[in-house]
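First up is the structure itself, then whatever we jot down about it.
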Amino acid sequence: MIPAKFDYLAPTTVEEALAALAEHGDDAKIIAGGQSLLPVLRMRLNAPEMIIDLGRIESLRGVTEDGDALVIGAMTTHTDVGKNALVAEHAAVITKAIEHLADAQVRHRGTFGGALAHADPAGDLGAPVLALDAEFVITGSGGERRVSASDFFEDFMTTAIGDDEILTAVRIPKHTGWGGHYEKFVRVAHQWPIVAVAATVRAEGGTIAEARIGLTNMGSTPLRATAVEQALVGQPATDEAVRRAAESAAEGTNPPSDLNGDADYRRHLATVLTRRAVLAAAGA
Amino acid sequence: MTRIEVTVDGAKVSDDVEPRMLLVQYLREKLGKTGTVIGCDTSNCGACTVHLDGRSVKSCNVLAVQADGHEVTTIEGLATNGELHPMQAAFHECHALQCGFCTPGMIMQSIDLLNDNPKPDEKQIREGIEGNLCRCTGYHNIVRAVQTASGQEVGK
């Protein structure tokens with residue numbers, strides 16, 4: 001399967017990329033690592049006339065510190081984020097999510113920003129960044145603006161990025177000393193998660209002081225399990241207490257029904273995976 | 001058409017290609033490197049795995065234009081002076097194939113795995129090659145081959 005014909009530009013700066021986007025408008029599509037877009041093009045589910053490749057913009061790669069935040073360049077590959085020591089120290093749940101994201105070849109090529117901009121609700125990065133209260137740095141001709149993770153994901157594969165804008169970085173508030181875990185349920189290797197849960201927990205002694213929980217594939221966007229987060233505060237990190245808190249994990253969700261399982265099955269999975277993720281994140 | 005310059009298996013090549021041309025097409029159809037095969041055409045099976053700047057990628061999921069200025073190694077570039085690469089030799093020795101169609105991709109991914117983790121245990125090997133499907137389900141001997149190539153004892 002070969003994509004339909006398109007023209008191709010490979011700018012070397014964000015400014016050039018924005019200019020190309022402004023010129024070609026609706027006819028253009030941005031390619032980051034291409035691990036989601038190229039299958040779409042090959043299956044002819046989309047046929048843009050112009051592809052703008054961000055792969056030659058070196059300034060979009062890498063992880064840096066900016067005070068209380070980590071700044072992950074949008075074109076940093078999953079492999080490079082997964083191996084980054086700063087991410088492991090300050091945002092452990094991301095490191096855990098990347099361990100089992102797709103497969104090695106896709107992680108070498110796919111990018112942090114590309115996957116988030118694609119905004120597939122079954123994608124593995126939405127729930128962790130939502131749990132970490134990330135901010136998305138979106139750049140347009142007028143400069144940068146920041147959008148909270150809760151406002152970034154608008155609907156199924158739809159984000160707050162405007163037609164003439166580019167996601168350039170993701171800012172992650174440091175969660176230093178917080179444990180993290182990503183519990184993913186799949187039937188076969190390198191499958192998209194049927195349901196997954198991202199948990200990051202600050203434990204004091206054996207007690208949960210704070211918890212943040214993101215849900216993958218439980219609705220048209222990544223979702224927070226706020227009822228569980230509240231119920232966990234002050235609880236001991238024991239199987240029994242966490243099980244009780246996790247019972248409300250599916251509250252307010254709207255999971256899909258498909259060949260992998262119906263909505264009720266996913267609601268049940270969410271409670272089980274939340275318990276496992278929280279206990280692992282709390283080091284229990 | 002877009003002009004690209006790529007180093008493939010140590011040789012510099014330059015061609016005008018359509019932007020939509022996939023790297024695997026370029027390798028097979030322009031350069032005749034048919035050792036890299038197309039398995040699924042959906043980027044699931046990993047049969048077309050090559051190394052791009054030393055890291056494994058599925059060459060059906062990279063555009064040839066994206067490889068411009070970069071270095072590609074295929075299964076055909078592994079042997080030196082007629083000597084098989086140790087991973088190729090291990091696949092041969094352990095008979096790590098049945099029909100052989102997944103073998104080029106399996107070998108390329110297994111080399112990438114050992115570059116990253118020189119002494120993987122069995123679970124790490126199985127997870128490390130999870131992006132490569134063997135339609136014959138002949139994984140057992142593939143895992144043995146990777147253990148052998150990494151200089152580890154092979155479980156009987």
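Starting from 1 in every chain, residues are counted up; chains themselves are A, B, ... following the order of the structure tokens, and ligands are numbered from 1 as listed.
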
Item to complete: Could you give me, as a list in words, each residue of segment 42-145 of chain B that DSSP assigns to strand (DSSP E or B) when run on this structure's backbone?
Response: Thr49, Val50, His51, Leu52, Arg55, Ser56, Val57, Lys58, Leu63, Glu71, Val72, Thr73, Thr80 and Glu83 of chain B

Would you mind exporting the chosen residues as a short mmCIF file (atom, residue, chain, number, x, y, z; two decimals), in the first residue's frame, restricted to C-alpha atoms?
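Written output follows (selection_32.cif):
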data_model
loop_
_atom_site.label_atom_id
_atom_site.label_comp_id
_atom_site.auth_asym_id
_atom_site.auth_seq_id
_atom_site.Cartn_x
_atom_site.Cartn_y
_atom_site.Cartn_z
CA THR B 49 13.14 -3.81 9.90
CA VAL B 50 16.39 -2.02 9.03
CA HIS B 51 18.69 0.25 11.04
CA LEU B 52 18.43 4.01 10.53
CA ARG B 55 18.51 2.14 15.48
CA SER B 56 15.90 -0.32 14.28
CA VAL B 57 12.93 1.05 12.36
CA LYS B 58 10.20 -0.48 10.24
CA LEU B 63 9.56 7.75 3.85
CA GLU B 71 22.65 6.04 7.24
CA VAL B 72 20.72 2.84 6.59
CA THR B 73 21.92 -0.68 7.30
CA THR B 80 31.88 -8.57 6.41
CA GLU B 83 31.79 -13.71 7.30
#

Closest contacts (chain B/chain A, max 10 Å, only C-alpha atoms) as a Markdown table:
| residue | atom | partner | partner_atom | distance |
| --- | --- | --- | --- | --- |
| B:Met1 | CA | A:Asp7 | CA | 8.6 |
| B:Thr2 | CA | A:Tyr8 | CA | 8.2 |
| B:Glu18 | CA | A:Lys5 | CA | 8.0 |
| B:Pro19 | CA | A:Tyr8 | CA | 6.1 |
| B:Arg20 | CA | A:Pro3 | CA | 5.9 |
| B:Met21 | CA | A:Ile2 | CA | 7.4 |
| B:Leu22 | CA | A:Ile2 | CA | 7.6 |
| B:Gln25 | CA | A:Ile2 | CA | 9.4 |
| B:Cys40 | CA | A:Met1 | CA | 9.7 |
| B:Asp41 | CA | A:Met1 | CA | 6.3 |
| B:Thr42 | CA | A:Pro39 | CA | 6.2 |
| B:Ser43 | CA | A:Pro39 | CA | 7.1 |
| B:Asn44 | CA | A:His190 | CA | 8.7 |
| B:Gly46 | CA | A:Gln105 | CA | 8.1 |
| B:Thr49 | CA | A:Gln105 | CA | 7.8 |
| B:Val50 | CA | A:Gln105 | CA | 9.3 |
| B:His51 | CA | A:Gln105 | CA | 9.3 |
| B:Leu52 | CA | A:Arg109 | CA | 9.3 |
| B:Arg55 | CA | A:His108 | CA | 6.7 |
| B:Ser56 | CA | A:Gln105 | CA | 5.3 |
| B:Val57 | CA | A:Gln105 | CA | 4.5 |
| B:Lys58 | CA | A:Gln105 | CA | 6.1 |
| B:Ser59 | CA | A:Gln105 | CA | 9.6 |
| B:Cys60 | CA | A:Leu38 | CA | 8.7 |
| B:Asn61 | CA | A:Leu38 | CA | 6.0 |
| B:Val62 | CA | A:Gly34 | CA | 7.1 |
| B:Leu63 | CA | A:Leu38 | CA | 8.3 |
| B:Val65 | CA | A:Tyr8 | CA | 8.6 |
| B:Gln66 | CA | A:Gly55 | CA | 7.6 |
| B:Gln109 | CA | A:Gln105 | CA | 7.9 |
| B:Asp112 | CA | A:Ala104 | CA | 8.9 |
| B:Leu113 | CA | A:Ala104 | CA | 8.5 |
| B:Arg126 | CA | A:Ala189 | CA | 9.8 |
| B:Glu127 | CA | A:Ala189 | CA | 8.2 |
| B:Gly128 | CA | A:Ala104 | CA | 6.7 |
| B:Ile129 | CA | A:Ala104 | CA | 7.7 |
| B:Glu130 | CA | A:Ala189 | CA | 6.0 |
| B:Gly131 | CA | A:Asp103 | CA | 5.0 |
| B:Asn132 | CA | A:Asp103 | CA | 8.8 |
| B:Leu133 | CA | A:Ala189 | CA | 9.5 |

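Proximity of A:Ala203, A:Arg187, A:Ala127, A:Arg243 to Gly219 of chain A, computed with only C-alpha atoms, is greatest for A:Ala127.
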
Worksheet entry | Selected residue, from A:Ala280, A:Ala211, A:Leu70, A:Leu101, that lies nearest to Ala88 of chain A when counting only C-alpha atoms | A:Leu70

Worksheet item: Can you list, as a PyMOL selection string, every protein, DNA or RNA residue that comes within 7 Å of Ile107 of chain B when you count only C-alpha atoms, leaving out same-chain residues fewer than 3 positions away?
Response: chain B and resi 87-88+103-104+110-111

For the selection just defined, write its residues with C-alpha atoms to a file, as a compact mmCIF listing (two decimals), in the first residue's frame.
# COMPACT_ATOMS: atom_id res chain seq x y z
CA MET B 87 23.58 -12.80 14.93
CA GLN B 88 23.23 -14.30 11.47
CA THR B 103 14.22 -13.71 9.45
CA PRO B 104 15.76 -10.50 8.04
CA SER B 110 17.75 -8.77 17.62
CA ILE B 111 20.96 -6.85 16.87

Discussion item. For a test of reading the model, state the distance in Å between atom CA of Ile172 of chain A and atom CA of Pro193 of chain A, rounded to one decimal.
Written reply: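 So the answer is 23.2 Å.
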
Practice prompt. Give the answer as one residue: which of B:Cys48, B:Phe101, B:Ile38, B:His70 has the shortest atom-to-atom distance to Ser14 of chain B, using only C-alpha atoms?
Written response: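 Of B:Cys48, B:Phe101, B:Ile38, B:His70, the one nearest Ser14 of chain B is B:His70, counting only C-alpha atoms.
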
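Candidate residues B:Val154, B:Cys102, B:Ile4, B:Ala149 were compared for distance to Arg135 of chain B, and the nearest is B:Cys102, using only C-alpha atoms.
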
Item to complete: Pull the alpha helix (DSSP H) assignments for chain B out of DSSP run on the backbone, and list those residues as a PyMOL selection string.
Response: chain B and resi 23-25+86-93+103-116+122-128+139-149

The selected residues should be written to file as a compact mmCIF listing (two decimals), in the first residue's frame (atoms: C-alpha atoms).
# COMPACT_ATOMS: atom_id res chain seq x y z
CA LEU B 23 12.05 3.53 2.48
CA VAL B 24 11.41 -0.19 1.96
CA GLN B 25 10.32 0.47 -1.64
CA PRO B 86 27.37 -13.17 14.83
CA MET B 87 23.58 -12.80 14.93
CA GLN B 88 23.23 -14.30 11.47
CA ALA B 89 25.56 -17.14 12.49
CA ALA B 90 23.51 -17.74 15.65
CA PHE B 91 20.24 -17.89 13.68
CA HIS B 92 21.93 -20.40 11.35
CA GLU B 93 23.35 -22.49 14.17
CA THR B 103 14.22 -13.71 9.45
CA PRO B 104 15.76 -10.50 8.04
CA GLY B 105 13.63 -8.34 10.32
CA MET B 106 14.14 -10.65 13.29
CA ILE B 107 17.91 -10.47 12.88
CA MET B 108 17.95 -6.68 12.50
CA GLN B 109 15.75 -6.23 15.58
CA SER B 110 17.75 -8.77 17.62
CA ILE B 111 20.96 -6.85 16.87
CA ASP B 112 19.27 -3.63 18.01
CA LEU B 113 18.16 -5.39 21.20
CA LEU B 114 21.72 -6.51 22.04
CA ASN B 115 23.10 -3.05 21.24
CA ASP B 116 20.76 -1.77 23.93
CA GLU B 122 14.51 -14.67 28.03
CA LYS B 123 11.65 -12.34 28.97
CA GLN B 124 13.61 -9.30 27.79
CA ILE B 125 14.36 -11.06 24.50
CA ARG B 126 10.70 -11.91 23.94
CA GLU B 127 9.67 -8.34 24.76
CA GLY B 128 12.52 -6.92 22.69
CA TYR B 139 9.81 -18.04 18.36
CA HIS B 140 11.48 -20.70 20.50
CA ASN B 141 14.59 -21.10 18.38
CA ILE B 142 14.72 -17.38 17.65
CA VAL B 143 15.01 -16.72 21.39
CA ARG B 144 17.73 -19.41 21.58
CA ALA B 145 19.61 -17.73 18.76
CA VAL B 146 19.57 -14.37 20.50
CA GLN B 147 20.77 -16.03 23.71
CA THR B 148 23.57 -17.71 21.73
CA ALA B 149 24.58 -14.49 19.99

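For the atom pair formed by atom CA of Val137 of chain A and atom CA of His90 of chain A, the distance is 18.9 Å, given to one decimal.
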
Practice prompt. Go through A:Asp258, A:Asp27, A:Asp80, A:Asp264 and flag the residue nearest Arg61 of chain A, using only C-alpha atoms for the distances.
Written response: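 For Arg61 of chain A, the nearest of the candidates is A:Asp80.
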
Practice prompt. Using only C-alpha atoms, determine which residues lie at most 7 Å from Met218 of chain A, disregarding the query and same-chain residues fewer than 3 positions distant; provide the list as a ChimeraX atom specification.
Written response: /A:195,215,253-256

Written selection (N, CA and C atoms) as a compact mmCIF listing (two decimals), in the first residue's frame:
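Final output, saved to out_12.txt:
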# COMPACT_ATOMS: atom_id res chain seq x y z
N VAL A 195 -7.70 -1.09 27.96
CA VAL A 195 -7.78 -0.03 28.97
C VAL A 195 -6.40 0.05 29.60
N LEU A 215 -6.76 7.84 32.93
CA LEU A 215 -7.33 6.64 32.31
C LEU A 215 -7.16 6.69 30.79
N THR A 253 -17.01 8.07 33.27
CA THR A 253 -16.34 7.69 32.02
C THR A 253 -17.38 7.25 30.99
N ASN A 254 -16.94 7.16 29.74
CA ASN A 254 -17.83 6.74 28.67
C ASN A 254 -17.05 5.85 27.71
N PRO A 255 -16.69 4.64 28.19
CA PRO A 255 -15.78 3.80 27.39
C PRO A 255 -16.45 3.23 26.16
N PRO A 256 -15.66 2.93 25.13
CA PRO A 256 -16.21 2.36 23.90
C PRO A 256 -16.51 0.87 24.07

Worksheet item: For the atom pair atom CA of Glu15 of chain A and atom CA of Gly143 of chain A, what is the interatomic distance in Å to one decimal place?
Response: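 Answer for the atom CA of Glu15 of chain A to atom CA of Gly143 of chain A separation: 9.9 Å.
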
Worksheet item: Which neighbours of Glu251 of chain A fall inside 12 Å, counting only C-alpha atoms, when residues of the same chain fewer than 5 positions from it are skipped, and could you give them as number ranges by chain?
Response: A: 215, 218-219, 223-229, 245-246, 264, 266-268, 270-271

Hey, can you spit out that residue selection with C-alpha atoms as a PDB file, in the first residue's frame?
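File produced: selection.pdb:
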ATOM      1  CA  LEU A 215      -7.327   6.639  32.313  1.00  0.00           C
ATOM      2  CA  MET A 218     -12.187   5.066  28.788  1.00  0.00           C
ATOM      3  CA  GLY A 219     -13.794   7.774  26.635  1.00  0.00           C
ATOM      4  CA  LEU A 223      -9.683  11.104  31.577  1.00  0.00           C
ATOM      5  CA  ARG A 224      -8.818  11.757  35.228  1.00  0.00           C
ATOM      6  CA  ALA A 225     -10.257   9.501  37.922  1.00  0.00           C
ATOM      7  CA  THR A 226     -10.763  12.366  40.356  1.00  0.00           C
ATOM      8  CA  ALA A 227     -13.119  10.440  42.674  1.00  0.00           C
ATOM      9  CA  VAL A 228     -10.395   7.837  43.244  1.00  0.00           C
ATOM     10  CA  GLU A 229      -7.746  10.538  43.734  1.00  0.00           C
ATOM     11  CA  ALA A 245     -10.952   3.675  46.611  1.00  0.00           C
ATOM     12  CA  ALA A 246     -10.513   2.204  43.129  1.00  0.00           C
ATOM     13  CA  ASP A 264     -19.107  -2.638  31.109  1.00  0.00           C
ATOM     14  CA  ARG A 266     -13.884  -1.778  30.375  1.00  0.00           C
ATOM     15  CA  ARG A 267     -15.462  -0.180  33.471  1.00  0.00           C
ATOM     16  CA  HIS A 268     -14.570  -3.300  35.425  1.00  0.00           C
ATOM     17  CA  ALA A 270     -10.595   0.315  35.041  1.00  0.00           C
ATOM     18  CA  THR A 271     -11.210  -0.549  38.698  1.00  0.00           C
TER      19      THR A 271
END

Practice prompt. Give me the residues within 9 Å of Gly140 of chain A as a count of residues only, counting only C-alpha atoms and dropping any in the same chain fewer than 3 places off.
Written response: 10
